[in-house]
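A.B. asks: What follows is data-v1.cif; its format and atoms are mmCIF, N, CA and C atoms and all ligand atoms.
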```cif
data_protein
#
loop_
_atom_site.label_atom_id
_atom_site.label_comp_id
_atom_site.auth_asym_id
_atom_site.auth_seq_id
_atom_site.Cartn_x
_atom_site.Cartn_y
_atom_site.Cartn_z
N MET A 1 37.28 88.27 41.24
CA MET A 1 36.49 87.13 40.79
C MET A 1 35.02 87.30 41.20
N THR A 2 34.11 86.96 40.33
CA THR A 2 32.69 87.07 40.62
C THR A 2 32.20 85.82 41.35
N THR A 3 31.49 86.05 42.45
CA THR A 3 30.88 84.94 43.17
C THR A 3 29.50 84.68 42.58
N LYS A 4 29.24 83.43 42.29
CA LYS A 4 27.93 83.04 41.75
C LYS A 4 27.16 82.31 42.85
N ILE A 5 26.03 82.86 43.27
CA ILE A 5 25.24 82.25 44.34
C ILE A 5 24.01 81.60 43.73
N PRO A 6 23.91 80.27 43.84
CA PRO A 6 22.72 79.61 43.30
C PRO A 6 21.50 79.82 44.19
N VAL A 7 20.35 79.92 43.59
CA VAL A 7 19.08 80.11 44.30
C VAL A 7 18.27 78.82 44.16
N LEU A 8 17.69 78.38 45.28
CA LEU A 8 16.86 77.17 45.23
C LEU A 8 15.70 77.31 46.20
N THR A 9 14.50 77.19 45.68
CA THR A 9 13.31 77.19 46.52
C THR A 9 12.40 76.04 46.11
N ASP A 10 11.76 75.42 47.13
CA ASP A 10 10.82 74.35 46.78
C ASP A 10 9.45 74.91 46.39
N GLN A 11 9.33 76.24 46.38
CA GLN A 11 8.08 76.87 45.93
C GLN A 11 8.00 76.96 44.41
N ALA A 12 9.11 76.67 43.76
CA ALA A 12 9.15 76.67 42.28
C ALA A 12 9.63 75.29 41.83
N PRO A 13 9.32 74.92 40.59
CA PRO A 13 9.75 73.59 40.12
C PRO A 13 11.24 73.37 40.28
N LYS A 14 11.57 72.14 40.66
CA LYS A 14 12.98 71.78 40.84
C LYS A 14 13.72 71.92 39.51
N PRO A 15 14.94 72.43 39.54
CA PRO A 15 15.74 72.43 38.31
C PRO A 15 16.25 71.02 38.04
N LEU A 16 16.56 70.74 36.81
CA LEU A 16 17.14 69.43 36.49
C LEU A 16 18.50 69.33 37.17
N PRO A 17 18.71 68.31 38.01
CA PRO A 17 19.96 68.23 38.79
C PRO A 17 21.18 68.19 37.87
N GLY A 18 22.15 69.00 38.24
CA GLY A 18 23.41 68.98 37.50
C GLY A 18 23.33 69.69 36.16
N ILE A 19 22.20 70.31 35.86
CA ILE A 19 22.06 70.95 34.54
C ILE A 19 21.94 72.46 34.65
N TYR A 20 21.07 72.94 35.52
CA TYR A 20 20.95 74.40 35.69
C TYR A 20 20.44 74.72 37.08
N SER A 21 20.57 75.99 37.47
CA SER A 21 20.04 76.49 38.73
C SER A 21 18.73 77.23 38.44
N GLN A 22 17.87 77.32 39.45
CA GLN A 22 16.65 78.13 39.27
C GLN A 22 17.03 79.58 38.96
N ALA A 23 18.08 80.04 39.66
CA ALA A 23 18.60 81.39 39.41
C ALA A 23 20.02 81.44 39.95
N ILE A 24 20.74 82.43 39.48
CA ILE A 24 22.08 82.73 39.99
C ILE A 24 22.11 84.22 40.33
N ILE A 25 22.64 84.50 41.51
CA ILE A 25 22.89 85.90 41.88
C ILE A 25 24.38 86.17 41.65
N ALA A 26 24.67 87.21 40.92
CA ALA A 26 26.06 87.61 40.67
C ALA A 26 26.12 89.13 40.58
N ASN A 27 27.00 89.71 41.34
CA ASN A 27 27.18 91.18 41.31
C ASN A 27 25.86 91.94 41.48
N GLY A 28 25.00 91.48 42.37
CA GLY A 28 23.75 92.18 42.66
C GLY A 28 22.68 92.00 41.63
N VAL A 29 22.90 91.08 40.71
CA VAL A 29 21.92 90.82 39.65
C VAL A 29 21.42 89.38 39.79
N VAL A 30 20.13 89.19 39.58
CA VAL A 30 19.52 87.86 39.67
C VAL A 30 19.16 87.40 38.26
N TYR A 31 19.78 86.32 37.84
CA TYR A 31 19.54 85.75 36.52
C TYR A 31 18.67 84.50 36.71
N CYS A 32 17.40 84.58 36.29
CA CYS A 32 16.48 83.45 36.48
C CYS A 32 16.43 82.59 35.22
N SER A 33 16.52 81.29 35.45
CA SER A 33 16.35 80.35 34.34
C SER A 33 14.94 80.44 33.78
N GLY A 34 14.77 79.90 32.62
CA GLY A 34 13.45 79.88 32.00
C GLY A 34 12.47 79.09 32.86
N ALA A 35 11.31 79.70 33.10
CA ALA A 35 10.25 79.04 33.86
C ALA A 35 9.21 78.51 32.90
N VAL A 36 8.88 77.25 33.07
CA VAL A 36 7.79 76.64 32.30
C VAL A 36 6.58 76.52 33.22
N PRO A 37 5.38 76.30 32.64
CA PRO A 37 4.16 76.30 33.47
C PRO A 37 3.98 75.01 34.26
N MET A 38 4.94 74.72 35.09
CA MET A 38 4.94 73.50 35.88
C MET A 38 4.52 73.82 37.31
N ASP A 39 3.76 72.92 37.89
CA ASP A 39 3.37 73.04 39.30
C ASP A 39 4.53 72.50 40.15
N ALA A 40 4.95 73.28 41.14
CA ALA A 40 6.11 72.89 41.94
C ALA A 40 5.85 71.63 42.75
N THR A 41 4.60 71.40 43.13
CA THR A 41 4.28 70.24 43.96
C THR A 41 4.21 68.96 43.15
N THR A 42 3.54 69.02 42.02
CA THR A 42 3.36 67.80 41.22
C THR A 42 4.52 67.54 40.27
N GLY A 43 5.25 68.60 39.95
CA GLY A 43 6.32 68.46 38.95
C GLY A 43 5.80 68.27 37.55
N LYS A 44 4.51 68.56 37.37
CA LYS A 44 3.90 68.39 36.04
C LYS A 44 3.41 69.73 35.50
N LEU A 45 3.34 69.82 34.19
CA LEU A 45 2.76 71.02 33.58
C LEU A 45 1.30 71.12 34.00
N ILE A 46 0.86 72.36 34.26
CA ILE A 46 -0.55 72.53 34.62
C ILE A 46 -1.41 72.43 33.37
N ASP A 47 -2.68 72.14 33.60
CA ASP A 47 -3.62 72.15 32.49
C ASP A 47 -3.91 73.60 32.09
N GLY A 48 -4.62 73.76 31.00
CA GLY A 48 -5.07 75.08 30.61
C GLY A 48 -4.41 75.61 29.37
N ASP A 49 -4.80 76.84 29.05
CA ASP A 49 -4.34 77.47 27.82
C ASP A 49 -3.11 78.35 28.08
N VAL A 50 -2.71 79.07 27.06
CA VAL A 50 -1.48 79.87 27.19
C VAL A 50 -1.64 80.97 28.24
N LYS A 51 -2.87 81.42 28.48
CA LYS A 51 -3.07 82.42 29.54
C LYS A 51 -2.77 81.81 30.91
N ALA A 52 -3.33 80.66 31.18
CA ALA A 52 -3.06 79.98 32.45
C ALA A 52 -1.57 79.66 32.56
N HIS A 53 -1.00 79.25 31.45
CA HIS A 53 0.43 78.89 31.46
C HIS A 53 1.31 80.11 31.73
N THR A 54 0.93 81.25 31.17
CA THR A 54 1.71 82.46 31.40
C THR A 54 1.66 82.85 32.88
N HIS A 55 0.47 82.76 33.46
CA HIS A 55 0.35 83.03 34.91
C HIS A 55 1.30 82.12 35.69
N GLN A 56 1.30 80.82 35.34
CA GLN A 56 2.10 79.86 36.11
C GLN A 56 3.59 80.12 35.95
N CYS A 57 4.01 80.45 34.74
CA CYS A 57 5.44 80.79 34.53
C CYS A 57 5.84 81.96 35.42
N ILE A 58 5.01 82.99 35.44
CA ILE A 58 5.36 84.19 36.21
C ILE A 58 5.26 83.90 37.72
N LYS A 59 4.30 83.08 38.09
CA LYS A 59 4.21 82.66 39.51
C LYS A 59 5.51 81.96 39.92
N ASN A 60 5.97 81.07 39.09
CA ASN A 60 7.22 80.35 39.41
C ASN A 60 8.39 81.32 39.50
N LEU A 61 8.47 82.25 38.57
CA LEU A 61 9.55 83.25 38.63
C LEU A 61 9.45 84.09 39.90
N THR A 62 8.23 84.43 40.28
CA THR A 62 8.01 85.25 41.48
C THR A 62 8.60 84.57 42.71
N HIS A 63 8.40 83.27 42.82
CA HIS A 63 8.94 82.53 43.97
C HIS A 63 10.48 82.51 43.94
N VAL A 64 11.02 82.32 42.78
CA VAL A 64 12.49 82.29 42.66
C VAL A 64 13.07 83.67 42.99
N LEU A 65 12.44 84.70 42.48
CA LEU A 65 12.91 86.07 42.76
C LEU A 65 12.84 86.36 44.26
N LYS A 66 11.76 85.94 44.90
CA LYS A 66 11.62 86.16 46.35
C LYS A 66 12.73 85.45 47.11
N GLU A 67 12.99 84.21 46.74
CA GLU A 67 14.05 83.45 47.40
C GLU A 67 15.41 84.15 47.22
N ALA A 68 15.57 84.80 46.09
CA ALA A 68 16.84 85.49 45.79
C ALA A 68 16.96 86.83 46.53
N GLY A 69 15.83 87.29 47.11
CA GLY A 69 15.86 88.60 47.77
C GLY A 69 15.46 89.73 46.85
N SER A 70 14.84 89.40 45.74
CA SER A 70 14.37 90.40 44.80
C SER A 70 12.85 90.27 44.68
N ASP A 71 12.28 90.93 43.72
CA ASP A 71 10.86 90.72 43.45
C ASP A 71 10.55 91.20 42.02
N ILE A 72 9.32 90.98 41.66
CA ILE A 72 8.93 91.18 40.27
C ILE A 72 9.05 92.65 39.83
N THR A 73 8.97 93.58 40.78
CA THR A 73 9.08 95.00 40.42
C THR A 73 10.54 95.38 40.12
N LYS A 74 11.45 94.48 40.43
CA LYS A 74 12.87 94.78 40.21
C LYS A 74 13.42 94.09 38.96
N VAL A 75 12.50 93.53 38.20
CA VAL A 75 12.91 92.86 36.95
C VAL A 75 13.21 93.91 35.89
N VAL A 76 14.35 93.75 35.23
CA VAL A 76 14.77 94.73 34.22
C VAL A 76 14.67 94.17 32.80
N LYS A 77 14.71 92.85 32.67
CA LYS A 77 14.68 92.25 31.33
C LYS A 77 13.94 90.93 31.37
N VAL A 78 13.10 90.70 30.39
CA VAL A 78 12.36 89.44 30.28
C VAL A 78 12.55 88.90 28.87
N ASN A 79 12.70 87.60 28.79
CA ASN A 79 12.64 86.92 27.50
C ASN A 79 11.48 85.94 27.53
N VAL A 80 10.61 86.06 26.54
CA VAL A 80 9.45 85.16 26.43
C VAL A 80 9.65 84.29 25.19
N PHE A 81 9.46 83.01 25.38
CA PHE A 81 9.56 82.05 24.28
C PHE A 81 8.19 81.41 24.09
N LEU A 82 7.68 81.53 22.90
CA LEU A 82 6.40 80.90 22.56
C LEU A 82 6.65 79.82 21.51
N SER A 83 5.81 78.80 21.53
CA SER A 83 5.93 77.81 20.45
C SER A 83 5.05 78.19 19.27
N ASN A 84 4.22 79.22 19.47
CA ASN A 84 3.34 79.67 18.38
C ASN A 84 3.07 81.16 18.57
N MET A 85 3.49 81.98 17.63
CA MET A 85 3.31 83.44 17.77
C MET A 85 1.84 83.83 17.74
N ASP A 86 0.96 82.92 17.33
CA ASP A 86 -0.48 83.20 17.41
C ASP A 86 -0.93 83.40 18.86
N ASP A 87 -0.13 82.94 19.82
CA ASP A 87 -0.45 83.10 21.25
C ASP A 87 -0.01 84.44 21.81
N PHE A 88 0.59 85.28 20.96
CA PHE A 88 1.19 86.55 21.42
C PHE A 88 0.18 87.41 22.21
N ALA A 89 -1.00 87.62 21.67
CA ALA A 89 -1.98 88.50 22.32
C ALA A 89 -2.47 87.90 23.65
N ASP A 90 -2.77 86.62 23.63
CA ASP A 90 -3.24 85.98 24.88
C ASP A 90 -2.15 86.02 25.95
N MET A 91 -0.92 85.73 25.56
CA MET A 91 0.19 85.80 26.53
C MET A 91 0.30 87.22 27.07
N ASN A 92 0.25 88.21 26.19
CA ASN A 92 0.38 89.60 26.64
C ASN A 92 -0.74 90.02 27.58
N SER A 93 -1.94 89.50 27.35
CA SER A 93 -3.08 89.90 28.19
C SER A 93 -2.85 89.51 29.65
N VAL A 94 -2.11 88.45 29.87
CA VAL A 94 -1.75 88.05 31.23
C VAL A 94 -0.45 88.73 31.65
N TYR A 95 0.50 88.73 30.77
CA TYR A 95 1.84 89.29 31.06
C TYR A 95 1.75 90.71 31.61
N THR A 96 0.87 91.53 31.02
CA THR A 96 0.81 92.94 31.39
C THR A 96 0.23 93.17 32.78
N GLN A 97 -0.31 92.13 33.41
CA GLN A 97 -0.84 92.27 34.77
C GLN A 97 0.27 92.30 35.81
N TYR A 98 1.48 92.01 35.38
CA TYR A 98 2.60 91.89 36.31
C TYR A 98 3.62 93.00 36.07
N TRP A 99 4.65 93.04 36.86
CA TRP A 99 5.87 93.83 36.69
C TRP A 99 5.80 95.27 37.20
N GLY A 100 4.64 95.78 37.58
CA GLY A 100 4.57 97.16 38.05
C GLY A 100 4.41 98.13 36.90
N ASP A 101 4.51 99.42 37.23
CA ASP A 101 4.20 100.47 36.24
C ASP A 101 5.23 100.56 35.12
N VAL A 102 6.50 100.46 35.50
CA VAL A 102 7.56 100.53 34.48
C VAL A 102 7.85 99.11 34.03
N LYS A 103 7.41 98.82 32.84
CA LYS A 103 7.58 97.45 32.35
C LYS A 103 9.05 97.18 32.02
N PRO A 104 9.50 95.97 32.31
CA PRO A 104 10.88 95.62 31.95
C PRO A 104 11.07 95.62 30.43
N CYS A 105 12.32 95.72 30.01
CA CYS A 105 12.64 95.42 28.61
C CYS A 105 12.20 93.99 28.34
N ARG A 106 11.89 93.71 27.09
CA ARG A 106 11.44 92.35 26.79
C ARG A 106 11.78 91.97 25.37
N THR A 107 12.07 90.70 25.20
CA THR A 107 12.16 90.09 23.88
C THR A 107 11.16 88.95 23.85
N CYS A 108 10.44 88.81 22.76
CA CYS A 108 9.52 87.67 22.61
C CYS A 108 9.80 87.02 21.26
N VAL A 109 10.07 85.74 21.31
CA VAL A 109 10.32 85.02 20.06
C VAL A 109 9.51 83.73 20.04
N ALA A 110 9.22 83.27 18.86
CA ALA A 110 8.63 81.94 18.70
C ALA A 110 9.73 80.97 18.31
N VAL A 111 9.70 79.84 18.97
CA VAL A 111 10.71 78.81 18.71
C VAL A 111 10.00 77.53 18.26
N LYS A 112 10.78 76.61 17.77
CA LYS A 112 10.16 75.40 17.19
C LYS A 112 9.48 74.56 18.27
N THR A 113 10.20 74.26 19.32
CA THR A 113 9.61 73.51 20.44
C THR A 113 10.23 73.99 21.75
N LEU A 114 9.52 73.72 22.83
CA LEU A 114 9.97 74.08 24.18
C LEU A 114 10.00 72.82 25.04
N PRO A 115 10.71 72.87 26.17
CA PRO A 115 10.77 71.69 27.04
C PRO A 115 9.37 71.18 27.39
N LEU A 116 9.22 69.87 27.39
CA LEU A 116 7.95 69.20 27.70
C LEU A 116 6.83 69.60 26.73
N ASN A 117 7.25 70.14 25.60
CA ASN A 117 6.29 70.57 24.56
C ASN A 117 5.30 71.61 25.07
N THR A 118 5.74 72.43 26.03
CA THR A 118 4.85 73.49 26.49
C THR A 118 4.75 74.59 25.44
N ASP A 119 3.84 75.52 25.67
CA ASP A 119 3.63 76.59 24.70
C ASP A 119 4.30 77.90 25.08
N VAL A 120 4.79 78.02 26.32
CA VAL A 120 5.43 79.27 26.74
C VAL A 120 6.50 78.97 27.80
N GLU A 121 7.58 79.69 27.71
CA GLU A 121 8.65 79.65 28.72
C GLU A 121 9.11 81.09 28.90
N ILE A 122 9.33 81.50 30.15
CA ILE A 122 9.69 82.89 30.44
C ILE A 122 10.90 82.92 31.36
N GLU A 123 11.89 83.71 31.00
CA GLU A 123 13.06 83.92 31.86
C GLU A 123 13.19 85.41 32.14
N CYS A 124 13.92 85.76 33.19
CA CYS A 124 14.07 87.18 33.49
C CYS A 124 15.36 87.47 34.23
N ILE A 125 15.71 88.73 34.23
CA ILE A 125 16.87 89.25 34.95
C ILE A 125 16.36 90.38 35.84
N ALA A 126 16.76 90.34 37.11
CA ALA A 126 16.32 91.36 38.08
C ALA A 126 17.52 91.87 38.86
N VAL A 127 17.33 93.00 39.51
CA VAL A 127 18.33 93.50 40.45
C VAL A 127 17.86 93.20 41.86
N LEU A 128 18.78 93.24 42.79
CA LEU A 128 18.42 93.00 44.20
C LEU A 128 17.81 94.25 44.80
C1 LIG B 201 13.22 74.33 31.89
C2 LIG B 201 14.52 74.96 31.65
N1 LIG B 201 14.74 76.12 32.13
C3 LIG B 201 15.54 74.27 30.90
O1 LIG B 201 16.54 74.88 30.55
O2 LIG B 201 15.37 73.10 30.60
#
```
Show me this structure written as structure tokens.

C.D. replies:
Amino acid sequence: MTTKIPVLTDQAPKPLPGIYSQAIIANGVVYCSGAVPMDATTGKLIDGDVKAHTHQCIKNLTHVLKEAGSDITKVVKVNVFLSNMDDFADMNSVYTQYWGDVKPCRTCVAVKTLPLNTDVEIECIAVL
């Protein structure tokens, strides 16, 4: 049987109680929930454009990965959700500043709407 270990840090936005975990560790793999550009302290989306929002999403993921005992260089897969594919280049200009030399696999899709009507949400899978 696989043990599922939930990850919780107050350095990243609280997950909705009873709905999802910030991340789950299972079999040496860290599965991070989608991060939105929310400030962990205020619980509100930060101001700014998709570049600022992309930074905040990755910052939130970084804290969750650290709490799990992993880090951003150990990420193997990323899924990026945009509400407008016109933001693709701006998101990428920030996105490429992270992850180390070997970039993770990635999927990027545009969806109709995202939680709290944000413009970007990013989830990832990492190894320990
Ligand atoms: C924000 C988020 N990860 C969710 O599923 O609502």

A.B. asks: Set the distance at 6 Å and use only N, CA and C atoms: which residues neighbour A:Cys108 once local chain neighbours fewer than 6 positions away are removed? I'd like the list as a list in words.

C.D. replies: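 Residues meeting the cut-off are Asn79, Val80 and Phe81 of chain A.
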
A.B. asks: Can you build me a table of chain A residues sitting at most 7 Å from ligand LIG 201 (chain B), with the closest atom pair per residue and its distance in Å to one decimal, using only N, CA and C atoms and all ligand atoms, sorted by chain and residue number, as JSON lines?

C.D. replies:
```
{"residue": "A:Leu16", "atom": "N", "partner": "B:LIG201", "partner_atom": "O2", "distance": 6.7}
{"residue": "A:Tyr20", "atom": "CA", "partner": "B:LIG201", "partner_atom": "O1", "distance": 6.8}
{"residue": "A:Ser33", "atom": "C", "partner": "B:LIG201", "partner_atom": "N1", "distance": 4.6}
{"residue": "A:Gly34", "atom": "C", "partner": "B:LIG201", "partner_atom": "N1", "distance": 3.8}
{"residue": "A:Ala35", "atom": "N", "partner": "B:LIG201", "partner_atom": "N1", "distance": 5.1}
{"residue": "A:Val36", "atom": "N", "partner": "B:LIG201", "partner_atom": "C1", "distance": 5.4}
{"residue": "A:Pro115", "atom": "CA", "partner": "B:LIG201", "partner_atom": "O2", "distance": 6.0}
```

A.B. asks: Mind pulling up the distance from atom C of A:Tyr31 to atom CA of A:Thr96?

C.D. replies: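 Atom-to-atom, atom CA of A:Thr96 and atom C of A:Tyr31 are spaced 20.5 Å apart.
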
A.B. asks: So which residues touch A:Lys103 within 8 Å, counting only N, CA and C atoms, skipping near sequence neighbours fewer than 6 positions away, as a PyMOL selection string?

C.D. replies: chain A and resi 75-78

A.B. asks: Record the distance separating atom CA of A:Asp10 and atom CA of A:Glu121, expressed in Å with one decimal.

C.D. replies: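 Atom CA of A:Glu121 lies 18.9 Å from atom CA of A:Asp10.
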
A.B. asks: Residues of stretch 2-75 of chain A in helix (DSSP H, G or I) according to DSSP, as a count of residues only?

C.D. replies: 22

A.B. asks: Using only C-alpha atoms, what table do you get, as a Markdown table, when you list each residue of stretch 1-88 of chain A with an atom no more than 8 Å from stretch 110-113 of chain A, its nearest pair of atoms, and their distance in Å rounded to one decimal, rows by chain then rising number?

C.D. replies:
```
| residue | atom | partner | partner_atom | distance |
| --- | --- | --- | --- | --- |
| A:Phe81 | CA | A:Ala110 | CA | 5.7 |
| A:Leu82 | CA | A:Ala110 | CA | 4.6 |
| A:Ser83 | CA | A:Val111 | CA | 5.2 |
| A:Asn84 | CA | A:Ala110 | CA | 5.8 |
| A:Met85 | CA | A:Ala110 | CA | 5.6 |
```

A.B. asks: Please indicate the distance in Å from atom N of A:Ala126 to atom C of A:Thr2, rounded to one decimal place.

C.D. replies: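 Pair atom N of A:Ala126 / atom C of A:Thr2 returns 16.6 Å.
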
A.B. asks: Could you check the closest approach to A:Gln11 for each of A:Cys32, A:Leu45, A:Ile72, A:Leu61 and tell me which residue wins, using all atoms listed in the file?

C.D. replies: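 Answer, going by the shortest atom-to-atom distance: A:Leu61.
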
A.B. asks: Return the single residue from A:Thr41, A:Thr54, A:Ser21, A:Asn117 that is closest to A:Met91, with distances computed using only N, CA and C atoms.

C.D. replies: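 Closest to A:Met91 of all the choices is A:Thr54.
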
A.B. asks: Find the residue from A:Lys4, A:Thr107, A:Ala40, A:Val29 that sits nearest to A:Asn60; use only C-alpha atoms when measuring.

C.D. replies: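 That would be A:Ala40, the residue with the smallest distance to A:Asn60.
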
A.B. asks: My list of candidates is A:Val30, A:Ile58, A:Ala68, A:Val94. Which is closest to A:Ile125 when distances are computed with all atoms listed in the file?

C.D. replies: A:Val30

A.B. asks: Hey, which of A:Ala89, A:Ile46, A:Leu128, A:Ile5 ends up closest to A:Leu116? Count only C-alpha atoms.

C.D. replies: A:Ile46

A.B. asks: Considering only strand (DSSP E or B) as DSSP defines it on the backbone, what residues of chain A qualify? List them as a PyMOL selection string.

C.D. replies: chain A and resi 5-7+23-26+29-35+38+45+75-82+105-110+120-127

A.B. asks: Can you spit out the residues from that selection as a CSV table (one decimal), keeping the file's coordinate frame, using N, CA and C atoms?

C.D. replies:
```csv
chain,number,residue,atom,x,y,z
A,5,ILE,N,26.0,82.9,43.3
A,5,ILE,CA,25.2,82.2,44.3
A,5,ILE,C,24.0,81.6,43.7
A,6,PRO,N,23.9,80.3,43.8
A,6,PRO,CA,22.7,79.6,43.3
A,6,PRO,C,21.5,79.8,44.2
A,7,VAL,N,20.4,79.9,43.6
A,7,VAL,CA,19.1,80.1,44.3
A,7,VAL,C,18.3,78.8,44.2
A,23,ALA,N,18.1,80.0,39.7
A,23,ALA,CA,18.6,81.4,39.4
A,23,ALA,C,20.0,81.4,40.0
A,24,ILE,N,20.7,82.4,39.5
A,24,ILE,CA,22.1,82.7,40.0
A,24,ILE,C,22.1,84.2,40.3
A,25,ILE,N,22.6,84.5,41.5
A,25,ILE,CA,22.9,85.9,41.9
A,25,ILE,C,24.4,86.2,41.6
A,26,ALA,N,24.7,87.2,40.9
A,26,ALA,CA,26.1,87.6,40.7
A,26,ALA,C,26.1,89.1,40.6
A,29,VAL,N,22.9,91.1,40.7
A,29,VAL,CA,21.9,90.8,39.6
A,29,VAL,C,21.4,89.4,39.8
A,30,VAL,N,20.1,89.2,39.6
A,30,VAL,CA,19.5,87.9,39.7
A,30,VAL,C,19.2,87.4,38.3
A,31,TYR,N,19.8,86.3,37.8
A,31,TYR,CA,19.5,85.8,36.5
A,31,TYR,C,18.7,84.5,36.7
A,32,CYS,N,17.4,84.6,36.3
A,32,CYS,CA,16.5,83.4,36.5
A,32,CYS,C,16.4,82.6,35.2
A,33,SER,N,16.5,81.3,35.4
A,33,SER,CA,16.4,80.4,34.3
A,33,SER,C,14.9,80.4,33.8
A,34,GLY,N,14.8,79.9,32.6
A,34,GLY,CA,13.4,79.9,32.0
A,34,GLY,C,12.5,79.1,32.9
A,35,ALA,N,11.3,79.7,33.1
A,35,ALA,CA,10.2,79.0,33.9
A,35,ALA,C,9.2,78.5,32.9
A,38,MET,N,4.9,74.7,35.1
A,38,MET,CA,4.9,73.5,35.9
A,38,MET,C,4.5,73.8,37.3
A,45,LEU,N,3.3,69.8,34.2
A,45,LEU,CA,2.8,71.0,33.6
A,45,LEU,C,1.3,71.1,34.0
A,75,VAL,N,12.5,93.5,38.2
A,75,VAL,CA,12.9,92.9,37.0
A,75,VAL,C,13.2,93.9,35.9
A,76,VAL,N,14.4,93.8,35.2
A,76,VAL,CA,14.8,94.7,34.2
A,76,VAL,C,14.7,94.2,32.8
A,77,LYS,N,14.7,92.8,32.7
A,77,LYS,CA,14.7,92.2,31.3
A,77,LYS,C,13.9,90.9,31.4
A,78,VAL,N,13.1,90.7,30.4
A,78,VAL,CA,12.4,89.4,30.3
A,78,VAL,C,12.6,88.9,28.9
A,79,ASN,N,12.7,87.6,28.8
A,79,ASN,CA,12.6,86.9,27.5
A,79,ASN,C,11.5,85.9,27.5
A,80,VAL,N,10.6,86.1,26.5
A,80,VAL,CA,9.4,85.2,26.4
A,80,VAL,C,9.6,84.3,25.2
A,81,PHE,N,9.5,83.0,25.4
A,81,PHE,CA,9.6,82.0,24.3
A,81,PHE,C,8.2,81.4,24.1
A,82,LEU,N,7.7,81.5,22.9
A,82,LEU,CA,6.4,80.9,22.6
A,82,LEU,C,6.6,79.8,21.5
A,105,CYS,N,12.3,95.7,30.0
A,105,CYS,CA,12.6,95.4,28.6
A,105,CYS,C,12.2,94.0,28.3
A,106,ARG,N,11.9,93.7,27.1
A,106,ARG,CA,11.4,92.4,26.8
A,106,ARG,C,11.8,92.0,25.4
A,107,THR,N,12.1,90.7,25.2
A,107,THR,CA,12.2,90.1,23.9
A,107,THR,C,11.2,89.0,23.8
A,108,CYS,N,10.4,88.8,22.8
A,108,CYS,CA,9.5,87.7,22.6
A,108,CYS,C,9.8,87.0,21.3
A,109,VAL,N,10.1,85.7,21.3
A,109,VAL,CA,10.3,85.0,20.1
A,109,VAL,C,9.5,83.7,20.0
A,110,ALA,N,9.2,83.3,18.9
A,110,ALA,CA,8.6,81.9,18.7
A,110,ALA,C,9.7,81.0,18.3
A,120,VAL,N,4.8,78.0,26.3
A,120,VAL,CA,5.4,79.3,26.7
A,120,VAL,C,6.5,79.0,27.8
A,121,GLU,N,7.6,79.7,27.7
A,121,GLU,CA,8.6,79.6,28.7
A,121,GLU,C,9.1,81.1,28.9
A,122,ILE,N,9.3,81.5,30.2
A,122,ILE,CA,9.7,82.9,30.4
A,122,ILE,C,10.9,82.9,31.4
A,123,GLU,N,11.9,83.7,31.0
A,123,GLU,CA,13.1,83.9,31.9
A,123,GLU,C,13.2,85.4,32.1
A,124,CYS,N,13.9,85.8,33.2
A,124,CYS,CA,14.1,87.2,33.5
A,124,CYS,C,15.4,87.5,34.2
A,125,ILE,N,15.7,88.7,34.2
A,125,ILE,CA,16.9,89.2,35.0
A,125,ILE,C,16.4,90.4,35.8
A,126,ALA,N,16.8,90.3,37.1
A,126,ALA,CA,16.3,91.4,38.1
A,126,ALA,C,17.5,91.9,38.9
A,127,VAL,N,17.3,93.0,39.5
A,127,VAL,CA,18.3,93.5,40.4
A,127,VAL,C,17.9,93.2,41.9
```

A.B. asks: Between A:Leu114, A:Leu8, A:Cys57, A:Val102, single out the one closest to A:Pro37, counting all atoms listed in the file.

C.D. replies: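 Closest to A:Pro37 of all the choices is A:Cys57.
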
A.B. asks: Return the padded bounding box of stretch 26-44 of chain A as AutoDock Vina command-line options: axis-aligned, built from all atoms listed in the file, 8 Å added on each side, with centre and edge lengths in Å to one decimal.

C.D. replies:
```
--center_x 15.3 --center_y 79.9 --center_z 38.0 --size_x 39.8 --size_y 40.6 --size_z 28.0
```
